[in-house]
Structures are given as C-alpha cells and as structure tokens.
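protein_38.cif follows; it contains mmCIF, N, CA and C atoms and all ligand atoms.
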```cif
data_data
#
loop_
_atom_site.label_atom_id
_atom_site.label_comp_id
_atom_site.auth_asym_id
_atom_site.auth_seq_id
_atom_site.Cartn_x
_atom_site.Cartn_y
_atom_site.Cartn_z
N MET A 17 -12.91 -21.86 -14.45
CA MET A 17 -12.53 -22.65 -15.63
C MET A 17 -12.17 -21.74 -16.80
N GLU A 18 -11.05 -22.02 -17.44
CA GLU A 18 -10.64 -21.16 -18.54
C GLU A 18 -11.42 -21.48 -19.81
N ARG A 19 -11.83 -20.41 -20.49
CA ARG A 19 -12.62 -20.59 -21.72
C ARG A 19 -11.72 -20.76 -22.92
N GLY A 20 -12.19 -21.55 -23.90
CA GLY A 20 -11.45 -21.68 -25.16
C GLY A 20 -11.72 -20.45 -26.03
N GLY A 21 -11.09 -20.43 -27.22
CA GLY A 21 -11.17 -19.27 -28.10
C GLY A 21 -12.58 -18.86 -28.48
N ALA A 22 -13.34 -19.80 -29.08
CA ALA A 22 -14.69 -19.46 -29.53
C ALA A 22 -15.58 -19.13 -28.34
N GLU A 23 -15.31 -19.81 -27.22
CA GLU A 23 -16.13 -19.59 -26.01
C GLU A 23 -15.97 -18.18 -25.46
N ILE A 24 -14.72 -17.70 -25.42
CA ILE A 24 -14.50 -16.35 -24.88
C ILE A 24 -15.09 -15.31 -25.83
N ILE A 25 -14.99 -15.56 -27.12
CA ILE A 25 -15.58 -14.62 -28.07
C ILE A 25 -17.10 -14.57 -27.87
N SER A 26 -17.72 -15.75 -27.72
CA SER A 26 -19.17 -15.78 -27.49
C SER A 26 -19.54 -15.10 -26.18
N ALA A 27 -18.72 -15.32 -25.15
CA ALA A 27 -19.02 -14.72 -23.84
C ALA A 27 -18.92 -13.20 -23.92
N VAL A 28 -17.88 -12.69 -24.58
CA VAL A 28 -17.73 -11.23 -24.71
C VAL A 28 -18.90 -10.68 -25.54
N TYR A 29 -19.27 -11.41 -26.59
CA TYR A 29 -20.38 -10.96 -27.45
C TYR A 29 -21.69 -10.89 -26.64
N ARG A 30 -21.89 -11.87 -25.75
CA ARG A 30 -23.10 -11.83 -24.92
C ARG A 30 -23.12 -10.59 -24.02
N VAL A 31 -21.95 -10.28 -23.44
CA VAL A 31 -21.87 -9.07 -22.59
C VAL A 31 -22.16 -7.83 -23.43
N ILE A 32 -21.62 -7.80 -24.64
CA ILE A 32 -21.86 -6.66 -25.54
C ILE A 32 -23.36 -6.50 -25.79
N GLN A 33 -24.04 -7.62 -26.06
CA GLN A 33 -25.49 -7.56 -26.31
C GLN A 33 -26.26 -7.13 -25.06
N GLU A 34 -25.76 -7.56 -23.88
CA GLU A 34 -26.39 -7.13 -22.62
C GLU A 34 -26.25 -5.62 -22.43
N ARG A 35 -25.05 -5.12 -22.74
CA ARG A 35 -24.81 -3.67 -22.58
C ARG A 35 -25.68 -2.87 -23.55
N LYS A 36 -25.93 -3.46 -24.71
CA LYS A 36 -26.77 -2.79 -25.70
C LYS A 36 -28.22 -2.74 -25.19
N ALA A 37 -28.68 -3.85 -24.61
CA ALA A 37 -30.07 -3.93 -24.13
C ALA A 37 -30.25 -3.17 -22.82
N GLN A 38 -29.26 -3.29 -21.92
CA GLN A 38 -29.35 -2.60 -20.62
C GLN A 38 -28.11 -1.78 -20.37
N PRO A 39 -28.04 -0.57 -20.96
CA PRO A 39 -26.84 0.25 -20.79
C PRO A 39 -26.62 0.66 -19.33
N THR A 40 -25.36 0.68 -18.91
CA THR A 40 -25.04 1.16 -17.56
C THR A 40 -24.05 2.31 -17.71
N GLU A 41 -24.05 3.19 -16.72
CA GLU A 41 -23.19 4.38 -16.69
C GLU A 41 -21.71 4.03 -16.87
N SER A 42 -21.30 2.94 -16.20
CA SER A 42 -19.88 2.62 -16.14
C SER A 42 -19.40 1.78 -17.34
N SER A 43 -20.30 1.52 -18.30
CA SER A 43 -19.93 0.62 -19.39
C SER A 43 -19.36 1.35 -20.61
N TYR A 44 -18.15 0.94 -20.99
CA TYR A 44 -17.52 1.49 -22.20
C TYR A 44 -18.33 1.09 -23.43
N THR A 45 -18.78 -0.16 -23.45
CA THR A 45 -19.55 -0.67 -24.59
C THR A 45 -20.86 0.12 -24.76
N ALA A 46 -21.53 0.36 -23.63
CA ALA A 46 -22.80 1.12 -23.69
C ALA A 46 -22.54 2.51 -24.27
N LYS A 47 -21.40 3.11 -23.90
CA LYS A 47 -21.06 4.45 -24.42
C LYS A 47 -20.88 4.40 -25.93
N LEU A 48 -20.25 3.33 -26.40
CA LEU A 48 -20.05 3.19 -27.86
C LEU A 48 -21.40 3.11 -28.57
N PHE A 49 -22.31 2.29 -28.04
CA PHE A 49 -23.64 2.16 -28.66
C PHE A 49 -24.39 3.49 -28.63
N GLU A 50 -24.22 4.20 -27.51
CA GLU A 50 -24.91 5.49 -27.38
C GLU A 50 -24.42 6.47 -28.45
N LYS A 51 -23.11 6.42 -28.73
CA LYS A 51 -22.54 7.34 -29.73
C LYS A 51 -22.90 6.93 -31.16
N GLY A 52 -23.19 5.64 -31.35
CA GLY A 52 -23.70 5.20 -32.65
C GLY A 52 -22.68 4.55 -33.57
N ILE A 53 -23.19 4.19 -34.75
CA ILE A 53 -22.41 3.39 -35.70
C ILE A 53 -21.14 4.10 -36.17
N ASP A 54 -21.21 5.42 -36.38
CA ASP A 54 -20.01 6.11 -36.89
C ASP A 54 -18.86 6.02 -35.88
N LYS A 55 -19.20 6.15 -34.58
CA LYS A 55 -18.17 6.05 -33.54
C LYS A 55 -17.60 4.62 -33.51
N ILE A 56 -18.48 3.63 -33.62
CA ILE A 56 -18.03 2.23 -33.60
C ILE A 56 -17.09 1.98 -34.79
N LEU A 57 -17.48 2.47 -35.96
CA LEU A 57 -16.64 2.27 -37.16
C LEU A 57 -15.31 3.00 -37.03
N LYS A 58 -15.35 4.18 -36.41
CA LYS A 58 -14.11 4.94 -36.19
C LYS A 58 -13.16 4.12 -35.30
N LYS A 59 -13.72 3.51 -34.25
CA LYS A 59 -12.88 2.70 -33.36
C LYS A 59 -12.31 1.49 -34.10
N VAL A 60 -13.13 0.84 -34.93
CA VAL A 60 -12.63 -0.33 -35.68
C VAL A 60 -11.46 0.13 -36.56
N GLY A 61 -11.62 1.27 -37.22
CA GLY A 61 -10.56 1.80 -38.08
C GLY A 61 -9.30 2.12 -37.29
N GLU A 62 -9.48 2.77 -36.14
CA GLU A 62 -8.32 3.13 -35.31
C GLU A 62 -7.59 1.89 -34.82
N GLU A 63 -8.39 0.93 -34.34
CA GLU A 63 -7.76 -0.28 -33.78
C GLU A 63 -7.07 -1.08 -34.89
N ALA A 64 -7.63 -1.07 -36.09
CA ALA A 64 -6.99 -1.77 -37.21
C ALA A 64 -5.65 -1.10 -37.52
N THR A 65 -5.64 0.23 -37.48
CA THR A 65 -4.39 0.96 -37.74
C THR A 65 -3.36 0.63 -36.67
N GLU A 66 -3.84 0.52 -35.42
CA GLU A 66 -2.91 0.19 -34.33
C GLU A 66 -2.34 -1.22 -34.50
N VAL A 67 -3.13 -2.12 -35.06
CA VAL A 67 -2.60 -3.46 -35.35
C VAL A 67 -1.50 -3.35 -36.41
N VAL A 68 -1.74 -2.51 -37.42
CA VAL A 68 -0.74 -2.33 -38.48
C VAL A 68 0.56 -1.78 -37.88
N ILE A 69 0.43 -0.77 -37.02
CA ILE A 69 1.62 -0.16 -36.41
C ILE A 69 2.36 -1.20 -35.56
N ALA A 70 1.60 -1.96 -34.76
CA ALA A 70 2.21 -2.99 -33.91
C ALA A 70 2.87 -4.06 -34.79
N GLY A 71 2.22 -4.40 -35.88
CA GLY A 71 2.78 -5.41 -36.80
C GLY A 71 4.10 -4.94 -37.39
N LYS A 72 4.16 -3.67 -37.67
CA LYS A 72 5.39 -3.08 -38.21
C LYS A 72 6.49 -3.12 -37.14
N GLY A 73 6.10 -2.79 -35.90
CA GLY A 73 7.06 -2.77 -34.79
C GLY A 73 7.58 -4.16 -34.43
N GLY A 74 6.74 -5.15 -34.64
CA GLY A 74 7.18 -6.54 -34.43
C GLY A 74 7.24 -7.01 -32.98
N LYS A 75 6.68 -6.21 -32.05
CA LYS A 75 6.71 -6.68 -30.64
C LYS A 75 5.49 -7.55 -30.39
N ARG A 76 5.75 -8.83 -30.08
CA ARG A 76 4.67 -9.81 -29.94
C ARG A 76 3.58 -9.35 -28.99
N GLU A 77 4.00 -8.83 -27.81
CA GLU A 77 3.03 -8.41 -26.79
C GLU A 77 2.09 -7.32 -27.32
N GLU A 78 2.67 -6.38 -28.06
CA GLU A 78 1.85 -5.28 -28.61
C GLU A 78 0.91 -5.78 -29.70
N ILE A 79 1.40 -6.72 -30.50
CA ILE A 79 0.54 -7.28 -31.56
C ILE A 79 -0.66 -7.99 -30.92
N VAL A 80 -0.40 -8.75 -29.85
CA VAL A 80 -1.48 -9.47 -29.16
C VAL A 80 -2.48 -8.47 -28.57
N TYR A 81 -1.97 -7.45 -27.89
CA TYR A 81 -2.81 -6.45 -27.23
C TYR A 81 -3.69 -5.70 -28.23
N GLU A 82 -3.08 -5.24 -29.30
CA GLU A 82 -3.84 -4.46 -30.29
C GLU A 82 -4.82 -5.35 -31.05
N THR A 83 -4.44 -6.61 -31.26
CA THR A 83 -5.37 -7.54 -31.93
C THR A 83 -6.60 -7.76 -31.05
N ALA A 84 -6.39 -7.87 -29.74
CA ALA A 84 -7.53 -8.04 -28.82
C ALA A 84 -8.44 -6.82 -28.88
N ASP A 85 -7.86 -5.63 -28.93
CA ASP A 85 -8.67 -4.40 -29.05
C ASP A 85 -9.48 -4.42 -30.35
N LEU A 86 -8.84 -4.86 -31.43
CA LEU A 86 -9.53 -4.88 -32.73
C LEU A 86 -10.67 -5.90 -32.71
N ILE A 87 -10.39 -7.08 -32.16
CA ILE A 87 -11.44 -8.11 -32.10
C ILE A 87 -12.62 -7.61 -31.27
N PHE A 88 -12.32 -6.99 -30.13
CA PHE A 88 -13.41 -6.48 -29.28
C PHE A 88 -14.27 -5.47 -30.05
N HIS A 89 -13.62 -4.49 -30.68
CA HIS A 89 -14.40 -3.45 -31.37
C HIS A 89 -15.14 -4.03 -32.58
N ASN A 90 -14.55 -5.03 -33.21
CA ASN A 90 -15.23 -5.71 -34.33
C ASN A 90 -16.49 -6.43 -33.81
N LEU A 91 -16.38 -6.98 -32.58
CA LEU A 91 -17.54 -7.64 -31.98
C LEU A 91 -18.64 -6.63 -31.66
N VAL A 92 -18.24 -5.41 -31.27
CA VAL A 92 -19.24 -4.36 -31.02
C VAL A 92 -19.95 -4.04 -32.34
N LEU A 93 -19.18 -4.00 -33.43
CA LEU A 93 -19.79 -3.76 -34.75
C LEU A 93 -20.81 -4.86 -35.08
N LEU A 94 -20.40 -6.12 -34.85
CA LEU A 94 -21.33 -7.24 -35.09
C LEU A 94 -22.57 -7.06 -34.22
N GLY A 95 -22.34 -6.68 -32.95
CA GLY A 95 -23.45 -6.49 -32.01
C GLY A 95 -24.41 -5.42 -32.47
N PHE A 96 -23.87 -4.37 -33.04
CA PHE A 96 -24.73 -3.27 -33.52
C PHE A 96 -25.76 -3.81 -34.51
N TYR A 97 -25.32 -4.73 -35.38
CA TYR A 97 -26.21 -5.28 -36.41
C TYR A 97 -26.82 -6.63 -36.01
N ASP A 98 -26.66 -7.00 -34.73
CA ASP A 98 -27.16 -8.30 -34.24
C ASP A 98 -26.67 -9.47 -35.08
N ILE A 99 -25.41 -9.40 -35.48
CA ILE A 99 -24.80 -10.52 -36.22
C ILE A 99 -24.04 -11.36 -35.19
N ASP A 100 -24.49 -12.59 -34.99
CA ASP A 100 -23.82 -13.46 -34.02
C ASP A 100 -22.48 -13.91 -34.57
N PRO A 101 -21.42 -13.96 -33.73
CA PRO A 101 -20.13 -14.44 -34.22
C PRO A 101 -20.23 -15.82 -34.87
N GLU A 102 -21.27 -16.60 -34.50
CA GLU A 102 -21.47 -17.91 -35.14
C GLU A 102 -21.55 -17.78 -36.66
N GLU A 103 -22.09 -16.66 -37.13
CA GLU A 103 -22.20 -16.46 -38.59
C GLU A 103 -20.83 -16.31 -39.22
N VAL A 104 -19.92 -15.69 -38.48
CA VAL A 104 -18.54 -15.54 -38.97
C VAL A 104 -17.84 -16.91 -38.95
N TYR A 105 -18.08 -17.67 -37.86
CA TYR A 105 -17.47 -19.00 -37.79
C TYR A 105 -17.94 -19.86 -38.97
N ALA A 106 -19.24 -19.74 -39.28
CA ALA A 106 -19.81 -20.54 -40.38
C ALA A 106 -19.12 -20.18 -41.70
N GLU A 107 -18.85 -18.88 -41.88
CA GLU A 107 -18.18 -18.45 -43.11
C GLU A 107 -16.74 -18.98 -43.16
N LEU A 108 -16.07 -18.95 -42.00
CA LEU A 108 -14.71 -19.51 -41.94
C LEU A 108 -14.72 -21.01 -42.23
N ARG A 109 -15.76 -21.69 -41.68
CA ARG A 109 -15.90 -23.14 -41.93
C ARG A 109 -16.08 -23.40 -43.43
N ARG A 110 -16.90 -22.56 -44.07
CA ARG A 110 -17.16 -22.73 -45.51
C ARG A 110 -15.85 -22.62 -46.30
N ARG A 111 -14.98 -21.69 -45.84
CA ARG A 111 -13.73 -21.46 -46.57
C ARG A 111 -12.65 -22.48 -46.25
N PHE A 112 -12.81 -23.14 -45.10
CA PHE A 112 -11.75 -24.02 -44.62
C PHE A 112 -11.48 -25.16 -45.60
N GLY A 113 -10.20 -25.35 -45.89
CA GLY A 113 -9.84 -26.45 -46.79
C GLY A 113 -9.89 -26.05 -48.24
N MET A 114 -10.47 -24.86 -48.53
CA MET A 114 -10.47 -24.36 -49.92
C MET A 114 -9.19 -23.58 -50.10
N SER A 115 -8.64 -23.58 -51.30
CA SER A 115 -7.48 -22.72 -51.48
C SER A 115 -7.99 -21.29 -51.56
N GLY A 116 -7.14 -20.35 -51.29
CA GLY A 116 -7.52 -18.94 -51.36
C GLY A 116 -8.02 -18.57 -52.73
N LEU A 117 -7.42 -19.15 -53.77
CA LEU A 117 -7.81 -18.82 -55.14
C LEU A 117 -9.19 -19.38 -55.46
N GLU A 118 -9.43 -20.62 -54.93
CA GLU A 118 -10.74 -21.25 -55.12
C GLU A 118 -11.81 -20.39 -54.44
N GLU A 119 -11.49 -19.91 -53.22
CA GLU A 119 -12.44 -19.09 -52.47
C GLU A 119 -12.72 -17.80 -53.22
N LYS A 120 -11.67 -17.23 -53.81
CA LYS A 120 -11.83 -15.98 -54.56
C LYS A 120 -12.77 -16.21 -55.76
N ALA A 121 -12.57 -17.35 -56.43
CA ALA A 121 -13.43 -17.67 -57.59
C ALA A 121 -14.88 -17.83 -57.14
N SER A 122 -15.09 -18.40 -55.94
CA SER A 122 -16.46 -18.62 -55.44
C SER A 122 -17.16 -17.29 -55.17
N ARG A 123 -16.41 -16.21 -54.95
CA ARG A 123 -17.00 -14.89 -54.69
C ARG A 123 -17.55 -14.29 -55.98
N GLN A 124 -16.97 -14.70 -57.09
CA GLN A 124 -17.37 -14.08 -58.35
C GLN A 124 -18.56 -14.78 -59.00
N GLU A 125 -18.98 -15.91 -58.37
CA GLU A 125 -20.10 -16.65 -58.97
C GLU A 125 -21.41 -15.90 -58.81
N1 LIG B 1 -12.70 -6.62 -24.28
C1 LIG B 1 -13.04 -5.48 -23.96
C2 LIG B 1 -12.26 -4.33 -24.36
N2 LIG B 1 -11.12 -4.23 -25.09
C3 LIG B 1 -10.85 -2.93 -25.15
N3 LIG B 1 -11.75 -2.20 -24.47
C4 LIG B 1 -11.79 -0.76 -24.25
O1 LIG B 1 -11.53 -0.12 -25.47
C5 LIG B 1 -10.95 1.13 -25.24
C6 LIG B 1 -9.85 1.30 -26.26
O2 LIG B 1 -8.96 2.23 -25.84
P1 LIG B 1 -8.71 3.58 -26.63
O3 LIG B 1 -7.64 4.29 -25.89
O4 LIG B 1 -8.53 3.29 -28.07
O5 LIG B 1 -10.11 4.32 -26.52
P2 LIG B 1 -10.61 5.39 -25.45
O6 LIG B 1 -9.70 6.54 -25.44
O7 LIG B 1 -10.89 4.74 -24.13
O8 LIG B 1 -12.02 5.75 -26.12
P3 LIG B 1 -12.35 6.91 -27.16
O9 LIG B 1 -12.15 8.20 -26.42
O10 LIG B 1 -11.50 6.74 -28.36
O11 LIG B 1 -13.79 6.65 -27.48
C7 LIG B 1 -10.48 1.14 -23.77
O12 LIG B 1 -11.33 1.99 -23.02
C8 LIG B 1 -10.63 -0.30 -23.36
O13 LIG B 1 -10.99 -0.45 -22.00
C9 LIG B 1 -12.67 -3.05 -23.97
N4 LIG B 1 -13.79 -2.83 -23.24
C10 LIG B 1 -14.54 -3.91 -22.89
N5 LIG B 1 -14.18 -5.21 -23.23
C11 LIG B 1 -15.06 -6.36 -22.84
O14 LIG B 1 -16.39 -5.91 -22.69
C12 LIG B 1 -16.86 -6.22 -21.38
C13 LIG B 1 -17.85 -5.16 -20.94
O15 LIG B 1 -17.19 -3.92 -20.71
P4 LIG B 1 -18.02 -2.63 -20.28
O16 LIG B 1 -18.97 -2.35 -21.38
O17 LIG B 1 -17.04 -1.52 -20.07
O18 LIG B 1 -18.73 -2.99 -19.01
C14 LIG B 1 -15.62 -6.32 -20.52
O19 LIG B 1 -15.83 -7.11 -19.39
C15 LIG B 1 -14.65 -6.98 -21.50
O20 LIG B 1 -14.88 -8.38 -21.55
#
```

Please render this file's structure as structure tokens.
Amino acid sequence: MERGGAEIISAVYRVIQERKAQPTESSYTAKLFEKGIDKILKKVGEEATEVVIAGKGGKREEIVYETADLIFHNLVLLGFYDIDPEEVYAELRRRFGMSGLEEKASRQE
C-alpha cells in the first residue's frame, strides 16, 4: 500500500529513530549519528545548497531529488533532538490560513 505524504515522513522518521537506538554497520543514518551534530548540520547545509543549485537549473527531476535529500537530512536533525515531525506539522497548522505578514507579526509578540 502506498503511503501518503505525512505517513512516509513519519515512517522514515521512525527508521531514523531506530537507527539512532540500534545502530547497524550498513546504515548511513547510524553513521551520521555516530559522527555527531556537526556532521548532520553540514549535510543539511550541503543539501540545502544542492536544492538552490537545482532550483537555479530548473530541472524538475533534480529539484525533486535534491528536495528529498534535504528533507531526509532535516529529519535526521529532528531525530538528533528527538523532535517528532508532528511538532513541525502542528506549527504549519498554526500558520495555515494566516497571511505571511500576520504570521510575521505573531513572531514579534
Ligand atoms: N531517505 C533516505 C536518504 N536520502 C538520502 N540518503 C543518503 O544520503 C546520502 C547523500 O548523498 P551525498 O553524496 O550527499 O553524501 P555521501 O557522500 O554519501 O556522504 P558524506 O561522505 O557526505 O557523509 C547518500 O548516501 C544517500 O543514500 C538517504 N539515506 C537513507 N534514507 C532513508 O533512511 C532509511 C534508513 O537508511 P539506512 O540508515 O542507510 O539504513 C532508508 O530506508 C531510507 O528510507
């Protein structure tokens, strides 16, 4: 059965948390955790830059691919701090329907 958007993000996040708790030799995620927060942040930065480059190039396939890499590494960052993606969804829900300017004003309160 194919998973929806939030479902696949939750499923990947669960695997990330499993790799953190039970690292295996063959796991890329476990290697990232072993190297620590600086390595994870470096990957988030690199993948974000790759999204920028792909965005400039304008090739849909590359934008999709690099965005998936960025989302994955961002999930590893959340995993490092035990922040469930549900917390991000809740923040998006809070913002939904607000204008961007209204949201900006709410940050300054
Ligand atoms: N979604 C991903 C995912 N996206 C990207 N990547 C890895 O991210 C890396 C990004 O490529 P780069 O060339 O930038 O990095 P690299 O050269 O491999 O690494 P560095 O030398 O820079 O550290 C690749 O090795 C990809 O395989 C991912 N690795 C894992 N997942 C998910 O995590 C699950 C668990 O994976 P493992 O932890 O490997 O078991 C998988 O089943 C997937 O669902």

>> Taking all atoms listed in the file into account, list the residues no farther than 7 Å from ligand LIG 1 (chain B), as a ChimeraX atom specification.
In response: /A:27-28,31-32,35,42-47,59,62-63,84-86,88-89

>> Show me, as a PyMOL selection string, the residues that have an atom within 8 Å of range 65-67 of chain A when counting all atoms listed in the file, minus same-chain residues fewer than 4 positions from it.
In response: chain A and resi 59-61+71-73+78-83+86

>> Can you measure CA of Gln124 in chain A to CA of Asp98 in chain A for me? One decimal in Å is fine.
In response: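 For CA of Gln124 in chain A relative to CA of Asp98 in chain A, the distance reads 26.7 Å.
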
> What gap, in Å, lies between CA of Glu103 in chain A and atom N of Glu18 in chain A?
Replying inline: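 Taking CA of Glu103 in chain A as the start and atom N of Glu18 in chain A as the end point, the length is 24.5 Å.
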
>> Between A:Phe49, A:Tyr105, A:Tyr29, A:Phe112, which residue has the minimum interatomic distance to Leu91 in chain A, considering only C-alpha atoms?
In response: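 The answer is A:Tyr29, which sits nearest to Leu91 in chain A.
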
> What separation in Å, quoted to one decimal, exists between atom N of Asp100 in chain A and atom N of Val68 in chain A?
Replying inline: 25.0 Å

>> Taking only N, CA and C atoms into account, name the residue in A:Pro101, A:Phe96, A:Leu108, A:Glu34 that is nearest to Ile53 in chain A.
In response: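 Using only N, CA and C atoms, Ile53 in chain A sits closest to A:Phe96.
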
Taking every listed atom of range 36-39 of chain A and adding 8 Å to each side, what centre and edge lengths in Å (one decimal) does the axis-aligned box have, as AutoDock Vina command-line options?
```
--center_x -28.1 --center_y -1.6 --center_z -22.5 --size_x 20.3 --size_y 20.6 --size_z 22.4
```

> If you run DSSP on this backbone, which residues of chain A come out as helix (DSSP H, G or I), and could you give them as a PyMOL selection string?
Replying inline: chain A and resi 21-37+44-51+53-73+76-96+101-111+116-123
